>>> print(open('input16.txt').read())   # compact mmCIF, C-alpha atoms and all ligand atoms
# COMPACT_ATOMS: atom_id res chain seq x y z
CA MET G 12 0.00 0.00 0.00
CA ALA G 13 1.31 3.48 -0.85
CA ALA G 14 2.38 5.50 2.18
CA VAL G 15 0.15 8.50 2.91
CA SER G 16 2.25 11.64 3.36
CA LYS G 17 1.43 13.81 6.33
CA GLY G 18 1.53 17.58 6.47
CA PRO G 19 3.92 19.35 8.88
CA VAL G 20 1.16 19.96 11.46
CA ALA G 21 0.07 16.31 11.45
CA LEU G 22 3.71 15.25 11.70
CA ALA G 23 4.33 17.56 14.66
CA LEU G 24 1.15 16.34 16.40
CA SER G 25 2.12 12.69 16.03
CA SER G 26 5.78 13.19 16.97
CA ARG G 27 6.99 11.57 20.17
CA TRP G 28 7.88 15.02 21.52
CA ALA G 29 4.37 16.37 21.20
CA LYS G 30 2.99 14.85 24.41
CA PRO G 31 5.96 15.88 26.58
CA ALA G 32 5.68 19.37 25.04
CA VAL G 33 1.95 19.62 25.93
CA PHE G 34 2.74 18.27 29.41
CA ALA G 35 5.41 20.95 29.88
CA LEU G 36 2.97 23.62 28.65
CA GLY G 37 0.41 22.41 31.20
CA LEU G 38 2.92 23.05 33.97
CA VAL G 39 3.64 26.64 32.87
CA PRO G 40 0.75 28.20 34.89
CA LEU G 41 1.95 26.33 37.99
CA GLY G 42 5.51 27.55 37.44
CA TRP G 43 4.21 31.08 36.92
CA MET G 44 2.20 30.94 40.16
CA VAL G 45 5.20 29.60 42.12
CA TRP G 46 7.37 32.34 40.62
CA LEU G 47 4.82 35.02 41.53
CA GLY G 48 4.55 33.55 45.05
CA LEU G 49 8.31 33.58 45.58
CA SER G 50 8.86 37.03 44.09
CA GLY G 51 5.99 38.68 45.96
CA GLY G 52 4.04 39.07 42.73
CA LEU G 53 0.81 37.68 44.20
CA GLY G 54 0.05 41.06 45.77
CA ALA G 55 -1.24 42.03 49.20
CA GLU G 56 -3.42 38.91 49.55
CA PRO G 57 -1.23 36.12 48.15
CA VAL G 58 -3.46 33.24 49.28
CA ALA G 59 -6.61 34.74 47.79
CA GLU G 60 -4.68 35.49 44.59
CA ALA G 61 -3.38 31.88 44.44
CA VAL G 62 -6.99 30.64 44.84
CA ARG G 63 -8.07 32.99 42.02
CA GLN G 64 -5.25 32.09 39.64
CA SER G 65 -5.65 28.33 40.10
CA GLY G 66 -9.46 28.62 39.66
CA LEU G 67 -8.99 30.59 36.46
CA TRP G 68 -6.55 28.03 35.04
CA ALA G 69 -8.87 25.16 35.94
CA LEU G 70 -11.66 26.84 33.97
CA ARG G 71 -9.43 27.85 31.05
CA LEU G 72 -8.01 24.35 30.62
CA LEU G 73 -11.47 22.83 30.92
CA LEU G 74 -12.57 24.98 27.98
CA VAL G 75 -9.42 24.07 26.03
CA ALA G 76 -10.14 20.36 26.63
CA LEU G 77 -13.70 20.88 25.39
CA ALA G 78 -12.43 22.69 22.29
CA VAL G 79 -10.16 19.82 21.22
CA THR G 80 -12.82 17.68 19.52
CA PRO G 81 -14.50 20.48 17.51
CA LEU G 82 -11.07 21.76 16.51
CA ARG G 83 -10.01 18.25 15.46
CA ILE G 84 -13.08 17.85 13.28
CA LEU G 85 -13.08 21.33 11.79
CA THR G 86 -9.35 21.26 10.94
CA GLY G 87 -9.20 17.57 10.01
CA GLN G 88 -6.20 17.16 12.35
CA ALA G 89 -7.00 13.76 13.86
CA GLY G 90 -3.75 13.89 15.88
CA LEU G 91 -5.24 16.53 18.19
CA ALA G 92 -7.31 13.85 19.94
CA ARG G 93 -4.15 12.49 21.62
CA PHE G 94 -3.98 15.51 23.89
CA ARG G 95 -7.58 15.73 25.09
CA ARG G 96 -7.23 13.51 28.14
CA MET G 97 -4.01 15.18 29.27
CA ILE G 98 -5.53 18.67 28.99
CA GLY G 99 -8.64 17.50 30.88
CA LEU G 100 -6.46 16.06 33.62
CA PHE G 101 -4.55 19.33 33.85
CA ALA G 102 -7.89 21.13 34.31
CA PHE G 103 -8.60 18.73 37.18
CA PHE G 104 -5.08 19.28 38.57
CA TYR G 105 -5.61 23.06 38.75
CA ALA G 106 -9.08 22.58 40.26
CA LEU G 107 -7.49 20.33 42.90
CA LEU G 108 -4.84 22.96 43.55
CA HIS G 109 -7.57 25.63 43.80
CA VAL G 110 -9.58 23.63 46.34
CA SER G 111 -6.42 22.54 48.24
CA VAL G 112 -5.16 26.12 48.64
CA TYR G 113 -8.64 27.18 49.76
CA VAL G 114 -9.08 24.30 52.26
CA GLY G 115 -5.46 24.04 53.45
CA VAL G 116 -4.01 27.54 53.34
CA ASP G 117 -7.09 29.78 53.45
CA GLN G 118 -9.17 27.74 55.92
CA PHE G 119 -6.31 25.87 57.71
CA PHE G 120 -8.11 22.54 57.26
CA ASP G 121 -10.96 23.75 59.45
CA TRP G 122 -13.41 21.25 57.95
CA ALA G 123 -16.33 22.64 59.98
CA ALA G 124 -15.71 26.10 58.47
CA VAL G 125 -15.34 24.61 54.97
CA TRP G 126 -18.60 22.66 55.38
CA LYS G 127 -20.33 25.85 56.63
CA ASP G 128 -19.08 27.66 53.50
CA ILE G 129 -20.35 24.86 51.24
CA VAL G 130 -23.80 24.99 52.83
CA LYS G 131 -24.12 28.76 53.37
CA ARG G 132 -22.42 30.30 50.33
CA PRO G 133 -24.12 29.28 47.10
CA TYR G 134 -21.08 30.06 44.92
CA ILE G 135 -19.01 27.61 46.99
CA THR G 136 -21.82 24.98 46.70
CA VAL G 137 -21.75 25.34 42.91
CA GLY G 138 -17.91 25.21 42.83
CA MET G 139 -18.07 22.05 44.92
CA GLY G 140 -20.50 20.53 42.42
CA ALA G 141 -18.06 21.26 39.57
CA PHE G 142 -15.21 19.79 41.57
CA VAL G 143 -17.09 16.56 42.40
CA ILE G 144 -17.85 16.05 38.70
CA LEU G 145 -14.25 16.74 37.65
CA THR G 146 -13.03 14.27 40.29
CA ALA G 147 -15.35 11.55 38.95
CA LEU G 148 -14.19 12.23 35.38
CA ALA G 149 -10.50 12.19 36.34
CA ALA G 150 -10.99 8.94 38.28
CA THR G 151 -12.58 7.29 35.24
CA SER G 152 -10.16 8.71 32.68
CA THR G 153 -7.91 5.64 32.39
CA ASN G 154 -8.12 3.08 29.54
CA GLY G 155 -8.95 0.45 32.15
CA MET G 156 -11.98 2.45 33.31
CA VAL G 157 -13.15 2.97 29.71
CA ARG G 158 -13.07 -0.84 29.28
CA ARG G 159 -14.70 -1.51 32.63
CA LEU G 160 -17.56 0.96 32.10
CA GLY G 161 -18.00 0.15 28.41
CA GLY G 162 -17.69 2.81 25.70
CA ARG G 163 -21.32 3.89 25.77
CA ARG G 164 -21.58 4.35 29.53
CA TRP G 165 -18.16 6.01 29.66
CA LYS G 166 -19.20 8.53 26.97
CA ALA G 167 -22.49 9.25 28.75
CA LEU G 168 -20.65 9.86 32.03
CA HIS G 169 -18.04 12.07 30.39
CA LYS G 170 -20.71 14.32 28.88
CA ALA G 171 -20.94 15.64 32.47
CA VAL G 172 -17.83 17.66 31.61
CA PHE G 173 -20.23 20.24 30.12
CA ILE G 174 -22.09 20.41 33.44
CA ALA G 175 -18.77 20.88 35.24
CA GLY G 176 -17.88 23.69 32.80
CA ALA G 177 -21.28 25.34 33.29
CA ALA G 178 -20.99 25.03 37.08
CA GLY G 179 -17.47 26.52 36.91
CA CYS G 180 -18.82 29.51 34.95
CA VAL G 181 -21.82 29.97 37.29
CA HIS G 182 -19.46 29.77 40.29
CA TYR G 183 -17.37 32.54 38.70
CA VAL G 184 -20.39 34.70 37.77
CA MET G 185 -21.72 34.41 41.34
CA LEU G 186 -18.52 35.29 43.13
CA VAL G 187 -17.50 38.46 41.29
CA LYS G 188 -18.68 41.65 42.87
CA GLY G 189 -20.74 44.06 40.81
CA TRP G 190 -20.76 44.09 37.02
CA GLN G 191 -17.65 42.44 35.59
CA TYR G 192 -17.46 40.98 32.13
CA PRO G 193 -14.72 38.25 32.39
CA PRO G 194 -16.98 35.46 33.77
CA PHE G 195 -19.40 36.08 30.90
CA VAL G 196 -16.59 35.69 28.35
CA TYR G 197 -15.87 32.21 29.74
CA ALA G 198 -19.61 31.40 29.77
CA ALA G 199 -19.95 32.61 26.14
CA ILE G 200 -17.05 30.40 25.03
CA LEU G 201 -18.66 27.41 26.76
CA LEU G 202 -22.01 28.18 25.10
CA GLY G 203 -20.23 28.45 21.73
CA LEU G 204 -18.67 25.01 22.25
CA VAL G 205 -22.05 23.53 23.20
CA ALA G 206 -23.66 25.22 20.17
CA LEU G 207 -20.97 23.77 17.87
CA ARG G 208 -21.91 20.38 19.17
CA TYR G 209 -25.62 20.68 18.43
CA ALA G 210 -26.20 23.50 15.94
CA LYS G 211 -26.98 22.70 12.34
CA SER G 212 -24.65 25.35 10.91
CA PRO G 213 -22.43 24.49 7.90
CA ALA G 214 -19.45 24.22 10.28
CA ALA G 215 -21.36 21.95 12.65
CA GLY G 216 -22.51 19.92 9.64
CA ARG G 217 -18.92 18.83 9.25
CA LEU G 218 -18.89 17.39 12.75
CA SER G 219 -18.95 13.62 12.69
CA PRO G 220 -22.05 11.72 13.86
CA SER G 221 -20.08 10.18 16.72
CA TYR G 222 -19.21 13.66 17.99
CA ARG G 223 -22.80 14.80 17.81
CA THR G 224 -24.28 11.88 19.73
C1 LIG G 301 -14.92 22.79 46.31
C2 LIG G 301 -14.81 23.48 45.20
C3 LIG G 301 -14.47 24.93 45.12
C4 LIG G 301 -14.33 25.88 46.10
C5 LIG G 301 -14.47 25.70 47.59
C6 LIG G 301 -13.97 27.12 45.46
C7 LIG G 301 -13.72 28.31 46.10
C8 LIG G 301 -13.35 29.49 45.51
C9 LIG G 301 -13.01 30.71 46.20
C10 LIG G 301 -13.01 30.89 47.72
C11 LIG G 301 -12.72 31.64 45.27
C12 LIG G 301 -12.24 33.09 45.52
C13 LIG G 301 -13.37 34.01 45.68
C14 LIG G 301 -12.94 35.44 45.85
O1 LIG G 301 -11.86 35.82 45.39
O2 LIG G 301 -13.70 36.19 46.45
C15 LIG G 301 -12.89 31.02 43.98
C16 LIG G 301 -12.68 31.64 42.77
C17 LIG G 301 -12.77 31.04 41.55
N1 LIG G 301 -12.99 29.71 41.30
FE1 LIG G 301 -13.46 28.31 42.69
N2 LIG G 301 -13.91 26.92 44.09
C18 LIG G 301 -14.21 25.60 43.84
C19 LIG G 301 -14.23 24.96 42.62
C20 LIG G 301 -13.90 25.56 41.43
C21 LIG G 301 -13.82 24.88 40.17
C22 LIG G 301 -14.02 23.37 39.96
C23 LIG G 301 -13.51 25.82 39.22
C24 LIG G 301 -13.29 25.68 37.75
C25 LIG G 301 -13.74 24.74 36.99
C26 LIG G 301 -13.40 27.09 39.89
C27 LIG G 301 -13.11 28.29 39.29
C28 LIG G 301 -12.96 29.50 39.94
C29 LIG G 301 -12.74 30.76 39.27
C30 LIG G 301 -12.63 30.96 37.76
C31 LIG G 301 -12.61 31.72 40.28
C32 LIG G 301 -12.46 33.24 40.10
C33 LIG G 301 -11.11 33.73 39.83
C34 LIG G 301 -11.11 35.25 39.82
O3 LIG G 301 -11.68 35.88 40.72
O4 LIG G 301 -10.51 35.80 38.91
N3 LIG G 301 -13.64 26.89 41.24
N4 LIG G 301 -13.26 29.71 44.14
>>> encode(input="input16.txt", output="structure tokens")
Amino acid sequence: MAAVSKGPVALALSSRWAKPAVFALGLVPLGWMVWLGLSGGLGAEPVAEAVRQSGLWALRLLLVALAVTPLRILTGQAGLARFRRMIGLFAFFYALLHVSVYVGVDQFFDWAAVWKDIVKRPYITVGMGAFVILTALAATSTNGMVRRLGGRRWKALHKAVFIAGAAGCVHYVMLVKGWQYPPFVYAAILLGLVALRYAKSPAAGRLSPSYRT
């Protein structure tokens, strides 16, 4: 059979350096936060700023993970799919960091106070909901879990990533004070990604049936 030649992008995506490169990129926000922490760049309230930065990166990477499949289909770059799980796990990693800094450094592991926050402050309740979903998705992200659950059930469960994204956006909208546009930008991007999945636009028409199920 004649060999099919790949373009430079496809070659780069399938190279053995691509995954380590994406892994290294995923660690950049962490490195940046550590650098800011050590150099006093986190401002007058470093703990609150660390909570904010890690929350923002969790949400950003969640949206990037959700954008992988539409981007793969619209560009025809099948090699992009290799990075989806890693990006999703990085989103979980930053969410874990966010919750850990909040529970450990902000609340000093005062579980009673944390529980009170979860029950009394609706934005924390919603954030908790997003975190529980992301934890379930991360725990079932291995090949072994895909086999154990079966492809159909695994796919159905992993659709909850959209609920986690929506809860992350609502959490953000609820916690900002007064009128601020950034949370709505994240919510609009999420809505755009959901629309791409279901809309019958010419672009969405190119999405494969398996993606649209
Ligand atoms: C148990 C779960 C969670 C708790 C307790 C929690 C708690 C918090 C707290 C205390 C803040 C800072 C509020 C302030 O500055 O006044 C915050 C901000 C934020 N959180 Fe969470 N969070 C949780 C889960 C999540 C998850 C899963 C995401 C993302 C998917 C997320 C995204 C954000 C964002 C984007 C911000 C705002 C950053 C900013 O102000 O610029 N949070 N969260």
>>> axis_aligned_box(input="input16.txt", around="ligand LIG 301 (chain G)", padding_each_side="4 Å", output="lines of an AutoDock Vina configuration file")
center_x = -12.7
center_y = 29.5
center_z = 42.4
size_x = 12.4
size_y = 21.4
size_z = 18.7
>>> residues_around(input="input16.txt", residues="Ser152 of chain G", least_positions_apart="4", cutoff="10 Å", atoms="all atoms listed in the file", output="ChimeraX atom specification")
/G:96-97,99-100,146-148,156-157,165,169
>>> residues_near_ligand(input="input16.txt", ligand="ligand LIG 301 (chain G)", cutoff="8 Å", atoms="all atoms listed in the file", output="ChimeraX atom specification")
/G:59-60,62-71,73,102-103,106-107,109-110,113-114,125,128-129,134-143,145,175-176,178-180,182-183,186-187,194
>>> write_last_selection(input="input16.txt", atoms="C-alpha atoms", output="tab-separated table (two decimals), in the coordinates of the input")
chain	number	residue	atom	x	y	z
G	59	ALA	CA	-6.61	34.74	47.79
G	60	GLU	CA	-4.68	35.49	44.59
G	62	VAL	CA	-6.99	30.64	44.84
G	63	ARG	CA	-8.07	32.99	42.02
G	64	GLN	CA	-5.25	32.09	39.64
G	65	SER	CA	-5.65	28.33	40.10
G	66	GLY	CA	-9.46	28.62	39.66
G	67	LEU	CA	-8.99	30.59	36.46
G	68	TRP	CA	-6.55	28.03	35.04
G	69	ALA	CA	-8.87	25.16	35.94
G	70	LEU	CA	-11.66	26.84	33.97
G	71	ARG	CA	-9.43	27.85	31.05
G	73	LEU	CA	-11.47	22.83	30.92
G	102	ALA	CA	-7.89	21.13	34.31
G	103	PHE	CA	-8.60	18.73	37.18
G	106	ALA	CA	-9.08	22.58	40.26
G	107	LEU	CA	-7.49	20.33	42.90
G	109	HIS	CA	-7.57	25.63	43.80
G	110	VAL	CA	-9.58	23.63	46.34
G	113	TYR	CA	-8.64	27.18	49.76
G	114	VAL	CA	-9.08	24.30	52.26
G	125	VAL	CA	-15.34	24.61	54.97
G	128	ASP	CA	-19.08	27.66	53.50
G	129	ILE	CA	-20.35	24.86	51.24
G	134	TYR	CA	-21.08	30.06	44.92
G	135	ILE	CA	-19.01	27.61	46.99
G	136	THR	CA	-21.82	24.98	46.70
G	137	VAL	CA	-21.75	25.34	42.91
G	138	GLY	CA	-17.91	25.21	42.83
G	139	MET	CA	-18.07	22.05	44.92
G	140	GLY	CA	-20.50	20.53	42.42
G	141	ALA	CA	-18.06	21.26	39.57
G	142	PHE	CA	-15.21	19.79	41.57
G	143	VAL	CA	-17.09	16.56	42.40
G	145	LEU	CA	-14.25	16.74	37.65
G	175	ALA	CA	-18.77	20.88	35.24
G	176	GLY	CA	-17.88	23.69	32.80
G	178	ALA	CA	-20.99	25.03	37.08
G	179	GLY	CA	-17.47	26.52	36.91
G	180	CYS	CA	-18.82	29.51	34.95
G	182	HIS	CA	-19.46	29.77	40.29
G	183	TYR	CA	-17.37	32.54	38.70
G	186	LEU	CA	-18.52	35.29	43.13
G	187	VAL	CA	-17.50	38.46	41.29
G	194	PRO	CA	-16.98	35.46	33.77
>>> closest_residue(input="input16.txt", among="G:Lys188, G:Val75, G:Phe104, G:Ala167", to="Leu201 of chain G", atoms="only C-alpha atoms")
G:Val75
>>> residues_around(input="input16.txt", residues="Ala124 of chain G", least_positions_apart="6", cutoff="12 Å", atoms="all atoms listed in the file", output="PyMOL selection string")
chain G and resi 113-115+117-118+130-132
